[in-house]
Amino acid sequence: MATLHQARAYLSHWLNKVDQHSVHSPFFFDFYNKVIRSSIEPPCATDIENIRTRLLHNPGEISVEDLGSGSTRPGKRKLQDIVSLAASPPEYAQLMLRICQYAGAKKILELGTSVGLTTLYLSYTQKARVYTFEGSHALVNVALTNFEFMDRTNIEVLEGDIAETLYEFLQRDTAKIGFVYLDANHRYEPTLRYYDMLMRRFNEKSVMVIDDIHNTPEMERAWKTLHKHELVYGSVDLFRCGILFFDPALNKQHFVWSL
């Protein structure tokens, strides 16, 4: 069912996508050319992708608690499978870094650390601190090893059920959030619940990215609900992920693009 849904969703996306020639907004024209279509690889990419390569060749197993599925029972999974199936591919992880740099984000939240590859990219945003949330203790240990290997000191890991750790974090840290990458608990209700908690910490310069927006009918419904939210003034559908903007000057614009 998911495969059929994804095929239909991709066809719809392909039929509706546009390029820069159809973009009349100065902000989105600039964003398209400098962020979406940029082919400049960040200097950190080689070292981070070397970590990805090592993990992809690691047949070792870890016990992963999948809190996002509602299960707390650990299941054995190979590291190489986690990286190949769940980690954001290089082009999207690098896109997250470009968005943060473009937005000038200083406080970055990532919901869903996994093995920490995207986290590493985010940590290279100039003068930024990254707070990354993960429910699996085993994945946290893998990620921390990678952060230590890269000597990244501007990353803070918050371990536990994200619904709880995120709430506690937002209660004690009330500063505005520059960027959020939501890649956890890919279901309708939790996605909207996270958004409701986070939106109180956004300002007009904040940006939020939601992963896997067309992966299931449930996530597609969540994406449609959020990009039409009254406080969302601009949105971009890249098929794999969706980007939300909160600046009233953008005047409720929505675009369908390809990366």
# chains A, B, ... in the order shown; residues from 1 in each chain; ligands from 1
>>> closest_atom_pairs(of="range 27-77 of chain A", to="range 118-125 of chain A", cutoff="9 Å", atoms="only C-alpha atoms", output="Markdown table")
| residue | atom | partner | partner_atom | distance |
| --- | --- | --- | --- | --- |
| A:Pro42 | CA | A:Tyr121 | CA | 8.7 |
| A:Cys44 | CA | A:Tyr121 | CA | 7.4 |
| A:Ala45 | CA | A:Tyr121 | CA | 7.7 |
| A:Ile48 | CA | A:Leu120 | CA | 7.2 |
>>> residues_around(residues="range 91-100 of chain A", least_positions_apart="6", cutoff="10 Å", atoms="only C-alpha atoms", output="ChimeraX atom specification")
/A:31,34-42,44-45,106-108,117-126,128,178-181,206-209,211,240-241,243,259
>>> write_last_selection(atoms="C-alpha atoms", output="short mmCIF file (atom, residue, chain, number, x, y, z; two decimals), in the first residue's frame")
data_model
loop_
_atom_site.label_atom_id
_atom_site.label_comp_id
_atom_site.auth_asym_id
_atom_site.auth_seq_id
_atom_site.Cartn_x
_atom_site.Cartn_y
_atom_site.Cartn_z
CA PHE A 31 16.30 30.73 -2.00
CA LYS A 34 21.32 29.78 -3.54
CA VAL A 35 19.96 26.90 -1.46
CA ILE A 36 17.98 24.38 -3.50
CA ARG A 37 20.07 24.38 -6.67
CA SER A 38 23.47 24.97 -5.11
CA SER A 39 26.07 22.36 -6.06
CA ILE A 40 28.76 23.63 -3.69
CA GLU A 41 29.83 20.85 -1.35
CA PRO A 42 30.66 22.00 2.18
CA CYS A 44 33.03 19.09 6.11
CA ALA A 45 31.37 16.71 3.61
CA LYS A 106 21.89 30.00 15.79
CA LYS A 107 19.63 27.61 17.72
CA ILE A 108 18.99 24.39 15.80
CA LEU A 117 25.20 12.17 10.18
CA THR A 118 22.75 15.01 9.52
CA THR A 119 23.50 16.33 13.01
CA LEU A 120 27.13 16.64 12.06
CA TYR A 121 26.28 18.69 8.98
CA LEU A 122 24.00 20.95 11.04
CA SER A 123 26.79 21.51 13.56
CA TYR A 124 28.86 23.28 10.90
CA THR A 125 26.39 26.17 10.78
CA GLN A 126 28.40 29.19 11.83
CA ALA A 128 25.17 27.71 16.02
CA GLY A 178 16.15 29.36 14.12
CA PHE A 179 15.76 25.94 12.48
CA VAL A 180 14.00 22.63 13.17
CA TYR A 181 14.54 19.37 11.31
CA SER A 206 12.52 30.53 11.65
CA VAL A 207 12.49 27.60 9.22
CA MET A 208 11.15 24.09 9.79
CA VAL A 209 11.85 21.03 7.64
CA ASP A 211 11.05 14.67 6.43
CA ARG A 240 11.18 13.78 0.26
CA CYS A 241 10.83 16.72 2.63
CA ILE A 243 10.05 23.32 4.18
CA LEU A 259 16.21 18.96 -5.45
#
>>> atom_distance(atom1="CA of Arg77 in chain A", atom2="CA of Leu144 in chain A")
18.3 Å
>>> closest_residue(among="A:Phe169, A:Phe149, A:Tyr194, A:Phe27", to="Tyr102 in chain A", atoms="only C-alpha atoms")
A:Phe27
>>> residues_around(residues="Glu156 in chain A", least_positions_apart="4", cutoff="9 Å", atoms="only C-alpha atoms", output="compact mmCIF listing (two decimals) with N, CA and C atoms, in the first residue's frame")
# COMPACT_ATOMS: atom_id res chain seq x y z
N ARG A 129 24.35 26.32 17.82
CA ARG A 129 24.35 25.17 18.71
C ARG A 129 23.21 24.26 18.31
N VAL A 130 23.49 22.97 18.25
CA VAL A 130 22.53 21.97 17.79
C VAL A 130 22.05 21.15 18.98
N TYR A 131 20.73 21.06 19.13
CA TYR A 131 20.10 20.21 20.13
C TYR A 131 19.40 19.08 19.38
N THR A 132 19.86 17.86 19.59
CA THR A 132 19.32 16.74 18.83
C THR A 132 18.65 15.74 19.78
N PHE A 133 17.47 15.27 19.41
CA PHE A 133 16.62 14.44 20.27
C PHE A 133 16.51 13.03 19.68
>>> select_by_dssp(residues="range 108-241 of chain A", states="helix (DSSP H, G or I)", output="number ranges by chain")
A: 117-122, 137-149, 162-172, 188-201, 217-227
>>> closest_residue(among="A:Leu170, A:Ala105, A:Ala9, A:Leu111", to="Met199 in chain A", atoms="only C-alpha atoms")
A:Leu170
>>> select_by_dssp(residues="range 18-241 of chain A", states="strand (DSSP E or B)", output="PyMOL selection string")
chain A and resi 61-64+75-78+107-111+129-134+155-159+179-182+207-211+234-237+241
>>> write_last_selection(atoms="C-alpha atoms", output="PDB file, in the first residue's frame")
ATOM      1  CA  GLU A  61      24.008  -5.198  15.136  1.00  0.00           C
ATOM      2  CA  ILE A  62      22.571  -2.936  17.814  1.00  0.00           C
ATOM      3  CA  SER A  63      19.360  -3.141  19.840  1.00  0.00           C
ATOM      4  CA  VAL A  64      17.127  -0.266  18.770  1.00  0.00           C
ATOM      5  CA  GLY A  75      14.943  -5.067  18.080  1.00  0.00           C
ATOM      6  CA  LYS A  76      18.261  -6.148  16.590  1.00  0.00           C
ATOM      7  CA  ARG A  77      19.197  -4.134  13.508  1.00  0.00           C
ATOM      8  CA  LYS A  78      22.376  -3.935  11.468  1.00  0.00           C
ATOM      9  CA  LYS A 107      19.632  27.605  17.723  1.00  0.00           C
ATOM     10  CA  ILE A 108      18.993  24.387  15.796  1.00  0.00           C
ATOM     11  CA  LEU A 109      16.764  21.491  16.834  1.00  0.00           C
ATOM     12  CA  GLU A 110      16.819  18.039  15.244  1.00  0.00           C
ATOM     13  CA  LEU A 111      14.089  15.581  16.202  1.00  0.00           C
ATOM     14  CA  ARG A 129      24.348  25.174  18.714  1.00  0.00           C
ATOM     15  CA  VAL A 130      22.527  21.973  17.793  1.00  0.00           C
ATOM     16  CA  TYR A 131      20.100  20.211  20.133  1.00  0.00           C
ATOM     17  CA  THR A 132      19.316  16.742  18.825  1.00  0.00           C
ATOM     18  CA  PHE A 133      16.616  14.445  20.269  1.00  0.00           C
ATOM     19  CA  GLU A 134      16.702  10.646  20.067  1.00  0.00           C
ATOM     20  CA  ILE A 155      26.029  19.445  19.823  1.00  0.00           C
ATOM     21  CA  GLU A 156      23.828  18.499  22.784  1.00  0.00           C
ATOM     22  CA  VAL A 157      22.016  15.148  22.724  1.00  0.00           C
ATOM     23  CA  LEU A 158      18.709  14.784  24.583  1.00  0.00           C
ATOM     24  CA  GLU A 159      17.903  11.111  25.032  1.00  0.00           C
ATOM     25  CA  PHE A 179      15.764  25.944  12.485  1.00  0.00           C
ATOM     26  CA  VAL A 180      14.002  22.631  13.166  1.00  0.00           C
ATOM     27  CA  TYR A 181      14.542  19.367  11.312  1.00  0.00           C
ATOM     28  CA  LEU A 182      11.716  16.948  12.112  1.00  0.00           C
ATOM     29  CA  VAL A 207      12.494  27.600   9.222  1.00  0.00           C
ATOM     30  CA  MET A 208      11.149  24.089   9.786  1.00  0.00           C
ATOM     31  CA  VAL A 209      11.846  21.029   7.635  1.00  0.00           C
ATOM     32  CA  ILE A 210       9.662  17.914   7.848  1.00  0.00           C
ATOM     33  CA  ASP A 211      11.053  14.673   6.429  1.00  0.00           C
ATOM     34  CA  GLY A 234       5.575  30.099   2.765  1.00  0.00           C
ATOM     35  CA  SER A 235       6.218  26.441   1.974  1.00  0.00           C
ATOM     36  CA  VAL A 236       8.232  24.278  -0.392  1.00  0.00           C
ATOM     37  CA  ASP A 237       7.503  20.653  -1.306  1.00  0.00           C
ATOM     38  CA  CYS A 241      10.830  16.720   2.629  1.00  0.00           C
TER      39      CYS A 241
END
>>> residues_around(residues="Ile162 in chain A", least_positions_apart="2", cutoff="7 Å", atoms="only C-alpha atoms", output="PyMOL selection string")
chain A and resi 133-135+160+164-166
>>> atom_distance(atom1="CA of Leu11 in chain A", atom2="CA of Asn33 in chain A")
24.2 Å
>>> decode(residues="range 234-259 of chain A", atoms="C-alpha atoms", output="CSV table (one decimal), in the first residue's frame")
chain,number,residue,atom,x,y,z
A,234,GLY,CA,5.6,30.1,2.8
A,235,SER,CA,6.2,26.4,2.0
A,236,VAL,CA,8.2,24.3,-0.4
A,237,ASP,CA,7.5,20.7,-1.3
A,238,LEU,CA,10.7,18.8,-2.4
A,239,PHE,CA,8.9,15.4,-2.3
A,240,ARG,CA,11.2,13.8,0.3
A,241,CYS,CA,10.8,16.7,2.6
A,242,GLY,CA,8.8,19.9,3.1
A,243,ILE,CA,10.0,23.3,4.2
A,244,LEU,CA,7.9,25.8,6.2
A,245,PHE,CA,8.5,29.5,6.5
A,246,PHE,CA,6.9,31.9,9.1
A,247,ASP,CA,7.5,35.4,7.7
A,248,PRO,CA,4.2,37.2,7.0
A,249,ALA,CA,6.0,39.1,4.2
A,250,LEU,CA,6.0,35.9,2.1
A,251,ASN,CA,2.2,36.2,1.7
A,252,LYS,CA,1.1,32.6,1.7
A,253,GLN,CA,3.2,31.2,-1.2
A,254,HIS,CA,3.6,27.4,-1.9
A,255,PHE,CA,6.0,25.8,-4.4
A,256,VAL,CA,6.7,22.3,-5.6
A,257,TRP,CA,10.3,21.8,-6.6
A,258,SER,CA,12.8,19.1,-7.1
A,259,LEU,CA,16.2,19.0,-5.4
